[in-house]
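As stored in upload20.cif (mmCIF, C-alpha atoms):
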```cif
data_model
loop_
_atom_site.label_atom_id
_atom_site.label_comp_id
_atom_site.auth_asym_id
_atom_site.auth_seq_id
_atom_site.Cartn_x
_atom_site.Cartn_y
_atom_site.Cartn_z
CA MET J 691 -85.88 -36.03 37.13
CA LYS J 692 -85.97 -38.42 40.10
CA THR J 693 -86.30 -41.56 37.98
CA LYS J 694 -83.99 -44.35 39.14
CA THR J 695 -83.08 -47.61 37.53
CA ALA J 696 -82.84 -50.70 39.69
CA ALA J 697 -79.11 -50.87 39.10
CA THR J 698 -78.52 -47.43 40.64
CA LEU J 699 -80.57 -47.86 43.80
CA PRO J 700 -78.30 -47.59 46.86
CA SER J 701 -78.15 -50.44 49.33
CA GLU J 702 -77.47 -50.36 53.05
CA LYS J 703 -74.93 -52.62 54.71
CA THR J 704 -77.28 -53.78 57.43
CA VAL J 705 -81.00 -54.23 57.94
CA ALA J 706 -82.49 -53.40 61.33
CA GLU J 707 -83.03 -56.47 63.48
CA ARG J 708 -81.79 -58.75 60.69
CA GLY J 709 -84.59 -58.38 58.26
CA LEU J 710 -87.55 -56.45 56.96
CA ARG J 711 -91.19 -56.85 57.83
CA VAL J 712 -92.99 -56.99 54.50
CA VAL J 713 -96.73 -56.91 53.77
CA ALA J 714 -97.76 -57.79 50.19
CA ILE J 715 -101.32 -56.84 49.23
CA GLY J 716 -103.21 -58.04 46.18
CA GLY J 717 -104.82 -61.09 44.63
CA GLY J 718 -104.93 -63.29 41.56
CA THR J 719 -101.80 -64.68 39.94
CA GLY J 720 -99.95 -61.39 40.44
CA LEU J 721 -99.68 -61.70 44.21
CA SER J 722 -98.71 -65.37 44.20
CA THR J 723 -96.04 -64.67 41.57
CA LEU J 724 -94.57 -61.90 43.72
CA LEU J 725 -94.59 -64.10 46.83
CA LYS J 726 -92.50 -66.75 45.07
CA GLY J 727 -89.74 -64.17 44.68
CA LEU J 728 -90.02 -62.68 48.16
CA LYS J 729 -90.00 -66.14 49.74
CA ARG J 730 -86.32 -66.52 48.81
CA PHE J 731 -85.49 -63.79 51.33
CA ALA J 732 -87.76 -65.09 54.13
CA LEU J 733 -85.23 -67.24 55.98
CA SER J 734 -85.69 -69.42 59.03
CA PRO J 735 -83.91 -68.35 62.26
CA ALA J 736 -81.17 -70.90 61.62
CA GLU J 737 -80.70 -69.69 58.06
CA THR J 738 -80.68 -66.09 59.25
CA SER J 739 -77.91 -66.84 61.75
CA ALA J 740 -75.83 -68.43 59.00
CA ALA J 741 -76.43 -65.64 56.49
CA ARG J 742 -73.87 -62.93 55.83
CA PRO J 743 -74.42 -59.80 57.96
CA ASP J 744 -75.09 -57.69 54.86
CA SER J 745 -77.53 -60.16 53.25
CA PRO J 746 -81.01 -58.77 52.49
CA LEU J 747 -83.53 -60.66 54.60
CA ILE J 748 -87.24 -60.74 55.39
CA ARG J 749 -87.99 -61.59 58.99
CA ASP J 750 -91.78 -61.40 58.67
CA LEU J 751 -93.68 -61.82 55.40
CA CYS J 752 -97.46 -61.33 55.28
CA ALA J 753 -99.83 -61.56 52.34
CA VAL J 754 -103.20 -59.80 52.40
CA VAL J 755 -105.47 -61.37 49.78
CA THR J 756 -108.72 -60.20 48.22
CA VAL J 757 -111.69 -62.57 48.63
CA SER J 758 -114.24 -61.39 46.06
CA ASP J 759 -113.88 -64.12 43.41
CA ASP J 760 -117.21 -65.57 42.31
CA GLY J 761 -116.19 -67.65 39.30
CA GLY J 762 -114.77 -71.11 38.59
CA SER J 763 -114.08 -73.60 41.38
CA SER J 764 -113.94 -70.84 44.01
CA GLY J 765 -117.29 -69.45 42.95
CA ARG J 766 -118.93 -72.88 43.02
CA LEU J 767 -117.66 -73.61 46.53
CA ARG J 768 -118.69 -70.15 47.65
CA LYS J 769 -122.27 -70.69 46.47
CA GLU J 770 -122.64 -74.32 47.52
CA LEU J 771 -120.91 -74.15 50.93
CA ASN J 772 -121.41 -70.47 51.84
CA MET J 773 -117.67 -70.01 52.35
CA LEU J 774 -115.12 -67.46 51.21
CA PRO J 775 -113.57 -68.14 47.79
CA PRO J 776 -110.36 -70.13 48.38
CA GLY J 777 -108.61 -69.86 44.99
CA ASP J 778 -106.36 -66.82 45.46
CA ILE J 779 -105.58 -67.90 49.03
CA ARG J 780 -104.62 -71.37 47.78
CA ASN J 781 -102.26 -69.89 45.20
CA CYS J 782 -100.54 -67.85 47.91
CA ILE J 783 -100.18 -70.86 50.19
CA VAL J 784 -98.54 -72.82 47.37
CA ALA J 785 -96.30 -69.87 46.46
CA LEU J 786 -95.01 -69.56 50.03
CA SER J 787 -94.71 -73.30 50.57
CA GLU J 788 -91.26 -74.49 51.59
CA ASP J 789 -91.82 -77.68 49.61
CA GLU J 790 -92.88 -76.81 46.09
CA ALA J 791 -92.74 -80.44 45.01
CA LEU J 792 -95.41 -83.01 45.86
CA LEU J 793 -97.61 -81.10 48.33
CA SER J 794 -97.78 -77.95 46.26
CA LYS J 795 -98.47 -79.97 43.11
CA LEU J 796 -101.24 -81.70 45.03
CA PHE J 797 -102.79 -78.37 46.04
CA ARG J 798 -102.69 -77.19 42.42
CA HIS J 799 -104.14 -80.43 41.01
CA ARG J 800 -107.41 -79.79 39.18
CA PHE J 801 -109.86 -82.62 38.53
CA ASP J 802 -110.77 -82.96 34.85
CA ARG J 803 -113.61 -85.45 35.33
CA GLY J 804 -116.04 -86.70 37.92
CA SER J 805 -119.55 -85.62 38.76
CA GLY J 806 -119.26 -82.62 41.09
CA LEU J 807 -115.44 -82.81 41.07
CA GLU J 808 -114.68 -81.66 37.54
CA GLY J 809 -113.06 -78.22 37.54
CA HIS J 810 -112.27 -78.19 41.26
CA SER J 811 -108.69 -78.00 42.50
CA PHE J 812 -107.61 -80.21 45.38
CA GLY J 813 -106.34 -77.18 47.29
CA ASN J 814 -109.74 -75.51 47.12
CA LEU J 815 -111.44 -78.68 48.38
CA PHE J 816 -108.85 -79.02 51.15
CA LEU J 817 -109.54 -75.47 52.36
CA ALA J 818 -113.27 -76.14 52.11
CA ALA J 819 -112.90 -79.27 54.27
CA LEU J 820 -110.83 -77.44 56.90
CA THR J 821 -113.32 -74.57 56.93
CA SER J 822 -116.11 -77.08 57.56
CA LEU J 823 -114.14 -78.69 60.41
CA THR J 824 -113.12 -75.43 62.10
CA SER J 825 -116.10 -73.25 61.13
CA ASP J 826 -113.51 -70.53 60.56
CA PHE J 827 -112.02 -69.77 57.13
CA SER J 828 -109.07 -67.83 58.54
CA GLU J 829 -108.21 -70.75 60.84
CA ALA J 830 -108.43 -73.10 57.85
CA VAL J 831 -105.94 -70.87 56.03
CA ARG J 832 -103.60 -70.88 59.05
CA LEU J 833 -103.71 -74.66 59.38
CA SER J 834 -103.14 -75.14 55.64
CA SER J 835 -100.13 -72.84 55.84
CA GLU J 836 -98.72 -74.93 58.70
CA ILE J 837 -99.18 -78.16 56.76
CA LEU J 838 -97.37 -76.77 53.71
CA LEU J 839 -94.68 -75.08 55.86
CA THR J 840 -95.20 -71.67 54.33
CA ARG J 841 -92.57 -68.98 54.81
CA GLY J 842 -95.06 -66.29 55.72
CA HIS J 843 -98.55 -65.49 56.99
CA ILE J 844 -101.61 -65.29 54.75
CA TYR J 845 -104.64 -63.24 55.70
CA PRO J 846 -107.87 -62.78 53.77
CA ALA J 847 -108.58 -59.05 53.41
CA THR J 848 -111.83 -59.70 55.28
CA THR J 849 -113.62 -62.78 56.56
CA SER J 850 -117.00 -61.28 55.56
CA ASN J 851 -118.86 -62.54 52.51
CA ILE J 852 -118.51 -59.69 50.01
CA GLU J 853 -119.43 -58.89 46.43
CA LEU J 854 -117.99 -56.26 44.12
CA GLU J 855 -120.14 -53.64 42.43
CA ALA J 856 -118.80 -51.34 39.73
CA LEU J 857 -120.14 -47.98 38.65
CA MET J 858 -119.41 -47.71 34.94
CA GLU J 859 -118.69 -44.50 33.04
CA ASP J 860 -122.11 -44.68 31.37
CA GLY J 861 -123.81 -44.64 34.78
CA THR J 862 -124.79 -48.31 34.85
CA ARG J 863 -123.86 -50.61 37.72
CA VAL J 864 -122.52 -54.15 37.42
CA ARG J 865 -122.61 -56.58 40.37
CA GLY J 866 -120.18 -59.51 40.82
CA GLU J 867 -116.51 -59.94 39.93
CA THR J 868 -117.14 -62.25 36.97
CA LYS J 869 -119.68 -59.88 35.42
CA ILE J 870 -117.45 -56.87 36.04
CA THR J 871 -114.54 -58.59 34.32
CA ALA J 872 -116.76 -59.51 31.35
CA SER J 873 -118.27 -56.03 31.07
CA LYS J 874 -117.41 -53.96 28.00
CA GLY J 875 -117.66 -50.61 29.76
CA ARG J 876 -114.98 -48.62 31.57
CA ILE J 877 -115.04 -48.81 35.36
CA GLN J 878 -115.36 -45.45 37.10
CA GLU J 879 -115.61 -46.55 40.74
CA LEU J 880 -115.72 -49.81 42.68
CA PHE J 881 -117.72 -50.63 45.81
CA LEU J 882 -117.95 -53.51 48.27
CA VAL J 883 -121.33 -55.01 49.08
CA PRO J 884 -121.86 -54.80 52.01
CA PRO J 885 -119.67 -51.69 52.36
CA ASP J 886 -118.60 -51.73 56.02
CA VAL J 887 -116.79 -55.05 56.38
CA GLU J 888 -113.96 -55.41 58.87
CA PRO J 889 -110.41 -56.69 58.32
CA MET J 890 -108.70 -59.25 60.50
CA PRO J 891 -106.90 -57.62 63.48
CA GLN J 892 -103.72 -59.44 62.40
CA THR J 893 -103.85 -57.61 59.07
CA LEU J 894 -103.98 -54.18 60.69
CA GLY J 895 -101.20 -55.19 63.08
CA ALA J 896 -98.95 -56.40 60.26
CA ILE J 897 -99.51 -53.17 58.29
CA ALA J 898 -98.81 -50.99 61.34
CA HIS J 899 -95.48 -52.68 62.03
CA ALA J 900 -94.34 -53.18 58.43
CA ASP J 901 -91.11 -51.83 57.02
CA MET J 902 -92.39 -52.18 53.46
CA ILE J 903 -95.88 -52.54 51.98
CA THR J 904 -96.39 -53.59 48.37
CA ILE J 905 -99.55 -53.42 46.27
CA GLY J 906 -99.60 -55.23 42.91
CA PRO J 907 -99.15 -56.62 40.42
CA GLY J 908 -102.69 -57.74 39.66
CA SER J 909 -105.99 -56.77 38.07
CA LEU J 910 -106.54 -53.16 39.07
CA PHE J 911 -110.22 -53.26 39.98
CA THR J 912 -110.78 -56.91 40.92
CA SER J 913 -107.51 -57.79 42.71
CA LEU J 914 -106.02 -54.56 44.08
CA VAL J 915 -108.75 -51.98 44.77
CA PRO J 916 -111.02 -54.35 46.79
CA ASN J 917 -108.40 -54.62 49.55
CA LEU J 918 -108.41 -50.84 49.97
CA LEU J 919 -112.19 -50.77 50.41
CA VAL J 920 -112.19 -52.98 53.51
CA ARG J 921 -112.77 -50.73 56.51
CA GLY J 922 -109.52 -49.52 58.07
CA ILE J 923 -107.03 -51.05 55.62
CA ALA J 924 -106.38 -47.95 53.50
CA GLN J 925 -106.05 -45.76 56.59
CA ALA J 926 -103.70 -48.26 58.21
CA ILE J 927 -101.50 -48.22 55.11
CA VAL J 928 -101.38 -44.43 55.06
CA GLU J 929 -100.54 -44.22 58.77
CA SER J 930 -97.91 -46.98 58.66
CA PRO J 931 -94.29 -45.78 58.67
CA ALA J 932 -93.52 -48.41 56.01
CA THR J 933 -92.16 -47.64 52.57
CA LYS J 934 -95.07 -48.16 50.15
CA VAL J 935 -94.37 -49.58 46.71
CA PHE J 936 -96.71 -50.05 43.75
CA ILE J 937 -95.72 -52.84 41.37
CA CYS J 938 -97.23 -51.96 38.02
CA ASN J 939 -98.71 -54.52 35.65
CA LEU J 940 -96.88 -55.25 32.41
CA MET J 941 -99.85 -55.03 30.05
CA THR J 942 -103.24 -53.34 30.03
CA GLN J 943 -106.14 -55.67 30.74
CA ALA J 944 -109.38 -56.01 28.85
CA ASN J 945 -112.35 -54.52 30.72
CA GLU J 946 -110.18 -53.34 33.63
CA SER J 947 -107.38 -51.07 32.48
CA LEU J 948 -107.48 -50.61 28.69
CA GLY J 949 -105.99 -47.24 27.86
CA LEU J 950 -104.77 -46.63 31.41
CA THR J 951 -101.18 -45.49 31.94
CA ALA J 952 -99.03 -46.33 34.97
CA ALA J 953 -99.98 -42.99 36.55
CA ASP J 954 -103.66 -43.75 35.92
CA HIS J 955 -103.26 -46.94 37.96
CA LEU J 956 -101.79 -44.94 40.83
CA ARG J 957 -104.60 -42.39 40.63
CA ALA J 958 -107.26 -45.11 40.71
CA LEU J 959 -105.73 -46.70 43.83
CA ASP J 960 -105.30 -43.33 45.57
CA SER J 961 -108.86 -42.36 44.67
CA HIS J 962 -110.38 -45.49 46.20
CA ALA J 963 -108.14 -45.18 49.26
CA GLN J 964 -109.07 -41.48 49.47
CA LYS J 965 -105.42 -40.78 50.26
CA GLN J 966 -102.07 -40.68 48.47
CA ILE J 967 -100.41 -43.99 49.23
CA PHE J 968 -97.16 -44.66 47.43
CA ASP J 969 -93.51 -43.72 47.73
CA TYR J 970 -92.21 -45.79 44.79
CA ALA J 971 -93.55 -47.43 41.63
CA LEU J 972 -91.77 -50.39 40.04
CA LEU J 973 -92.14 -50.15 36.26
CA ASN J 974 -91.03 -52.49 33.50
CA ARG J 975 -88.82 -50.98 30.80
CA THR J 976 -88.30 -54.09 28.64
CA PRO J 977 -90.21 -53.96 25.34
CA ALA J 978 -92.36 -56.95 24.46
CA SER J 979 -91.56 -59.03 21.38
CA ASP J 980 -93.53 -58.43 18.19
CA GLU J 981 -95.22 -61.81 18.69
CA LEU J 982 -96.37 -60.94 22.21
CA LYS J 983 -97.54 -57.49 21.15
CA ALA J 984 -99.62 -59.07 18.37
CA LYS J 985 -101.17 -61.56 20.78
CA TYR J 986 -102.27 -58.87 23.22
CA ALA J 987 -103.34 -56.53 20.43
CA GLY J 988 -105.93 -59.15 19.51
CA GLU J 989 -107.55 -58.41 22.88
CA GLY J 990 -107.14 -54.67 22.43
CA ALA J 991 -104.37 -54.69 25.05
CA CYS J 992 -100.81 -53.34 24.95
CA GLN J 993 -97.86 -52.58 27.22
CA ILE J 994 -98.65 -50.06 29.94
CA VAL J 995 -97.22 -46.62 29.21
CA ASN J 996 -94.72 -45.37 31.79
CA ASP J 997 -95.68 -41.69 31.98
CA LEU J 998 -92.82 -40.80 34.31
CA ASP J 999 -93.52 -37.06 34.62
CA ALA J 1000 -97.11 -37.74 35.66
CA ILE J 1001 -95.94 -40.33 38.19
CA GLU J 1002 -93.49 -37.88 39.73
CA ALA J 1003 -96.20 -35.22 39.83
CA LEU J 1004 -98.05 -37.59 42.17
CA GLY J 1005 -95.04 -37.56 44.52
CA VAL J 1006 -94.00 -41.09 43.56
CA ILE J 1007 -90.46 -42.12 42.59
CA PRO J 1008 -90.45 -44.38 39.51
CA VAL J 1009 -88.00 -47.27 39.53
CA LEU J 1010 -87.35 -48.84 36.13
CA GLY J 1011 -86.31 -52.48 35.77
CA ASP J 1012 -86.24 -55.31 33.26
CA TYR J 1013 -89.22 -57.17 34.68
CA LEU J 1014 -90.88 -58.64 31.59
CA GLU J 1015 -90.60 -62.39 31.13
CA GLU J 1016 -92.27 -64.00 28.13
CA ALA J 1017 -93.72 -67.50 28.27
CA GLY J 1018 -96.55 -67.28 25.78
CA VAL J 1019 -97.94 -64.53 28.01
CA ALA J 1020 -96.39 -61.57 29.81
CA ARG J 1021 -95.20 -62.43 33.33
CA HIS J 1022 -93.10 -60.57 35.88
CA ASN J 1023 -89.60 -61.86 36.46
CA THR J 1024 -90.23 -62.48 40.13
CA THR J 1025 -86.53 -62.77 41.01
CA ARG J 1026 -85.73 -59.30 39.67
CA VAL J 1027 -88.82 -57.72 41.19
CA ALA J 1028 -88.09 -59.22 44.61
CA ARG J 1029 -84.43 -58.19 44.46
CA ASP J 1030 -85.30 -54.58 43.68
CA LEU J 1031 -87.96 -54.49 46.38
CA MET J 1032 -85.38 -55.64 48.90
CA GLU J 1033 -83.05 -52.85 47.81
CA ILE J 1034 -85.83 -50.28 48.22
CA GLY J 1035 -86.77 -51.73 51.60
CA ALA J 1036 -83.17 -51.63 52.77
CA GLN J 1037 -82.91 -47.95 51.93
CA GLY J 1038 -85.64 -47.12 54.38
CA GLN J 1039 -86.12 -43.81 52.57
CA ARG J 1040 -89.61 -42.45 53.07
CA GLN J 1041 -91.00 -39.21 51.78
CA ASP J 1042 -93.44 -37.34 53.97
CA ARG J 1043 -95.93 -36.26 51.31
CA ARG J 1044 -99.00 -36.22 53.51
#
```
For the file at hand, write its structure as structure tokens.
Amino acid sequence: MKTKTAATLPSEKTVAERGLRVVAIGGGTGLSTLLKGLKRFALSPAETSAARPDSPLIRDLCAVVTVSDDGGSSGRLRKELNMLPPGDIRNCIVALSEDEALLSKLFRHRFDRGSGLEGHSFGNLFLAALTSLTSDFSEAVRLSSEILLTRGHIYPATTSNIELEALMEDGTRVRGETKITASKGRIQELFLVPPDVEPMPQTLGAIAHADMITIGPGSLFTSLVPNLLVRGIAQAIVESPATKVFICNLMTQANESLGLTAADHLRALDSHAQKQIFDYALLNRTPASDELKAKYAGEGACQIVNDLDAIEALGVIPVLGDYLEEAGVARHNTTRVARDLMEIGAQGQRQDRR
């Protein structure tokens, strides 16, 4: 069996050109949580020069973020101002910010009163204001990243106004991310509306030159799959020489992945990409506490089953680690995940399965 634990992964003494080029793809809280861990390895040129020669480093970190949210503050701004939803982008900007003190707190601040303001976060309004000034959402994201001194680039998966549509197992169709999430049925296939939207050229360039590409953690059908449906992104991932790593969720999710195993997640992503994508899958092996299990059981959710034989049958190497962190809810230990990703990236081992 090819299963490896994080502790047994080999490391290389040096990393080509003093650092890896990493592209992290996803959305929701999963992507921003991952970026907080990866940011620790994204050093400035001065810090890179001072670092030990064998230190794991990221020399270029890019986040590709889904833009299909239609609920909450993001959904309101999207409808009222005809702009892309800023929420997931805002979370990534804050996660990559060099100063996680005042400015990042300001971006996260959510108004709890005020006619028209209640429920909005300052960061969302800031991005809305910059979008109005520049008439370009991607430029607003770039300028916001400069202001917060982010240690990486953030690209929306597309700058087109898109909606999600899900084909359910019973043959019905559900339109809109919020309605899909609230649906009781099982999702069979996801579509973008309109279907032929283009990615940013910078996104395709980052993927083509990446040393490592990660997808996950995040809601399978509303945070991860939508990125693969943007024209050219899935093909660019497949053709990239990068090591591709899936970071599996900790728990199943109501209305998105109930009953799905880790291998089922991989199959769903491969199916929507119409290609086999991954070289590795990071899987949590730490059992949840009885209290946490009971909490999620109330939603019909449980820990995702690591069906290792099925994962290997897909040509993917499972990597087991202690990634579960409990804080009332299940969260990834971003430090451990990032550390193990850096070890995988440093190996540079790629399997030609295609």
Pick from J:Val784, J:Val995, J:Leu854, J:Leu774, whichever lies nearest to Ala830 in chain J using all atoms listed in the file: J:Leu774
Result set, the PyMOL selection byres ((chain J and resi 959-975) around 6) on current file, as a count of residues only: 20
Target residues per the PyMOL selection byres ((chain J and resi 828) around 10), formatted as number ranges by chain: J: 774, 817, 820-821, 824-827, 829-834, 844-846, 848-849, 890
Result set of the PyMOL selection byres ((chain J and resi 992) around 6) on the coordinates above, as a PyMOL selection string: chain J and resi 941-942+986+991+993
For Leu733 in chain J, the nearest of the candidates J:Gly842, J:His799, J:Ser794, J:Phe812, counting all atoms listed in the file: J:Gly842
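Nearest to Val1019 in chain J of all the residues J:Ala978, J:Leu894, J:Ala856, J:Leu1004 is J:Ala978, based on only C-alpha atoms.
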For the contact check between range 695-770 of chain J and range 801-809 of chain J, emit one row per residue of range 695-770 of chain J within 10 Å, containing the shortest atom pair and the distance in Å rounded to one decimal, counting only C-alpha atoms, chain then rising number order, as a Markdown table.
```
| residue | atom | partner | partner_atom | distance |
| --- | --- | --- | --- | --- |
| J:Gly762 | CA | J:Gly809 | CA | 7.4 |
| J:Ser763 | CA | J:Gly809 | CA | 6.1 |
| J:Ser764 | CA | J:Gly809 | CA | 9.9 |
| J:Arg766 | CA | J:Gly809 | CA | 9.6 |
```
Computed interatomic separation between CA of Ile927 in chain J and CA of Gly906 in chain J (Å):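 For CA of Ile927 in chain J relative to CA of Gly906 in chain J, the distance reads 14.2 Å.
Taking CA of Thr1025 in chain J as the reference point, CA of Ala740 in chain J is found at 21.7 Å.
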Residue nearest Arg863 in chain J among J:Ser739, J:Gln925, J:Gln878, J:Ser850 (counting all atoms listed in the file): J:Gln878
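Pairwise distance (CA of Glu1015 in chain J, CA of Leu786 in chain J) equals 20.7 Å.
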Glu737 in chain J surroundings by all atoms listed in the file, 12 Å radius, close-in-sequence under 3 positions cut, as a list in words: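 Contacts, in chain order: Arg708, Gly709, Arg730, Phe731, Ala732, Leu733, Ser734, Ala740, Ala741, Arg742, Pro743, Ser745, Leu747, Ile748 and Arg749 of chain J.
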Using all atoms listed in the file: which of J:Gly895, J:Pro977, J:Pro907, J:Gly1018 has the shortest distance to Cys752 in chain J: J:Gly895
Selection near Glu855 in chain J, 10 Å with only C-alpha atoms, sequence-local residues under 2 positions removed, as a compact mmCIF listing (two decimals) with C-alpha atoms, in the frame of the given file:
```
# COMPACT_ATOMS: atom_id res chain seq x y z
CA ILE J 852 -118.51 -59.69 50.01
CA GLU J 853 -119.43 -58.89 46.43
CA LEU J 857 -120.14 -47.98 38.65
CA MET J 858 -119.41 -47.71 34.94
CA ARG J 863 -123.86 -50.61 37.72
CA VAL J 864 -122.52 -54.15 37.42
CA ARG J 865 -122.61 -56.58 40.37
CA GLY J 866 -120.18 -59.51 40.82
CA GLU J 867 -116.51 -59.94 39.93
CA LYS J 869 -119.68 -59.88 35.42
CA ILE J 870 -117.45 -56.87 36.04
CA ILE J 877 -115.04 -48.81 35.36
CA GLU J 879 -115.61 -46.55 40.74
CA LEU J 880 -115.72 -49.81 42.68
CA PHE J 881 -117.72 -50.63 45.81
CA LEU J 882 -117.95 -53.51 48.27
CA VAL J 883 -121.33 -55.01 49.08
CA PRO J 884 -121.86 -54.80 52.01
```
Rebuild N, CA and C atoms on range 941-966 of chain J, as a CSV table (one decimal), in the coordinates of the input?
```csv
chain,number,residue,atom,x,y,z
J,941,MET,N,-99.0,-55.3,31.2
J,941,MET,CA,-99.8,-55.0,30.0
J,941,MET,C,-101.2,-54.5,30.6
J,942,THR,N,-101.9,-53.7,29.7
J,942,THR,CA,-103.2,-53.3,30.0
J,942,THR,C,-104.1,-54.6,30.0
J,943,GLN,N,-105.3,-54.5,30.6
J,943,GLN,CA,-106.1,-55.7,30.7
J,943,GLN,C,-107.5,-55.4,30.2
J,944,ALA,N,-108.1,-56.2,29.4
J,944,ALA,CA,-109.4,-56.0,28.8
J,944,ALA,C,-110.4,-55.8,30.0
J,945,ASN,N,-111.2,-54.8,29.8
J,945,ASN,CA,-112.4,-54.5,30.7
J,945,ASN,C,-111.9,-54.0,32.1
J,946,GLU,N,-110.6,-53.8,32.3
J,946,GLU,CA,-110.2,-53.3,33.6
J,946,GLU,C,-109.3,-52.1,33.5
J,947,SER,N,-108.4,-52.2,32.5
J,947,SER,CA,-107.4,-51.1,32.5
J,947,SER,C,-107.0,-50.7,31.1
J,948,LEU,N,-107.8,-51.0,30.1
J,948,LEU,CA,-107.5,-50.6,28.7
J,948,LEU,C,-107.3,-49.1,28.6
J,949,GLY,N,-106.2,-48.7,28.0
J,949,GLY,CA,-106.0,-47.2,27.9
J,949,GLY,C,-105.4,-46.5,29.1
J,950,LEU,N,-105.3,-47.3,30.2
J,950,LEU,CA,-104.8,-46.6,31.4
J,950,LEU,C,-103.2,-46.7,31.4
J,951,THR,N,-102.6,-45.6,31.8
J,951,THR,CA,-101.2,-45.5,31.9
J,951,THR,C,-100.8,-45.9,33.4
J,952,ALA,N,-99.5,-46.0,33.6
J,952,ALA,CA,-99.0,-46.3,35.0
J,952,ALA,C,-99.5,-45.3,36.0
J,953,ALA,N,-99.5,-44.0,35.6
J,953,ALA,CA,-100.0,-43.0,36.6
J,953,ALA,C,-101.5,-43.1,36.8
J,954,ASP,N,-102.2,-43.5,35.8
J,954,ASP,CA,-103.7,-43.8,35.9
J,954,ASP,C,-103.9,-44.8,36.9
J,955,HIS,N,-103.1,-45.9,37.0
J,955,HIS,CA,-103.3,-46.9,38.0
J,955,HIS,C,-103.1,-46.4,39.4
J,956,LEU,N,-102.1,-45.6,39.5
J,956,LEU,CA,-101.8,-44.9,40.8
J,956,LEU,C,-103.0,-44.0,41.3
J,957,ARG,N,-103.5,-43.3,40.3
J,957,ARG,CA,-104.6,-42.4,40.6
J,957,ARG,C,-105.8,-43.2,41.1
J,958,ALA,N,-106.1,-44.3,40.4
J,958,ALA,CA,-107.3,-45.1,40.7
J,958,ALA,C,-107.1,-45.7,42.1
J,959,LEU,N,-105.9,-46.1,42.5
J,959,LEU,CA,-105.7,-46.7,43.8
J,959,LEU,C,-105.8,-45.6,44.9
J,960,ASP,N,-105.2,-44.4,44.6
J,960,ASP,CA,-105.3,-43.3,45.6
J,960,ASP,C,-106.7,-42.9,45.7
J,961,SER,N,-107.5,-42.8,44.6
J,961,SER,CA,-108.9,-42.4,44.7
J,961,SER,C,-109.7,-43.3,45.5
J,962,HIS,N,-109.6,-44.6,45.4
J,962,HIS,CA,-110.4,-45.5,46.2
J,962,HIS,C,-109.9,-45.5,47.7
J,963,ALA,N,-108.6,-45.3,47.9
J,963,ALA,CA,-108.1,-45.2,49.3
J,963,ALA,C,-108.5,-43.8,49.9
J,964,GLN,N,-108.8,-42.9,49.1
J,964,GLN,CA,-109.1,-41.5,49.5
J,964,GLN,C,-107.8,-40.8,50.1
J,965,LYS,N,-106.7,-41.3,49.8
J,965,LYS,CA,-105.4,-40.8,50.3
J,965,LYS,C,-104.3,-41.1,49.2
J,966,GLN,N,-103.3,-40.3,49.3
J,966,GLN,CA,-102.1,-40.7,48.5
J,966,GLN,C,-101.3,-41.8,49.2
```
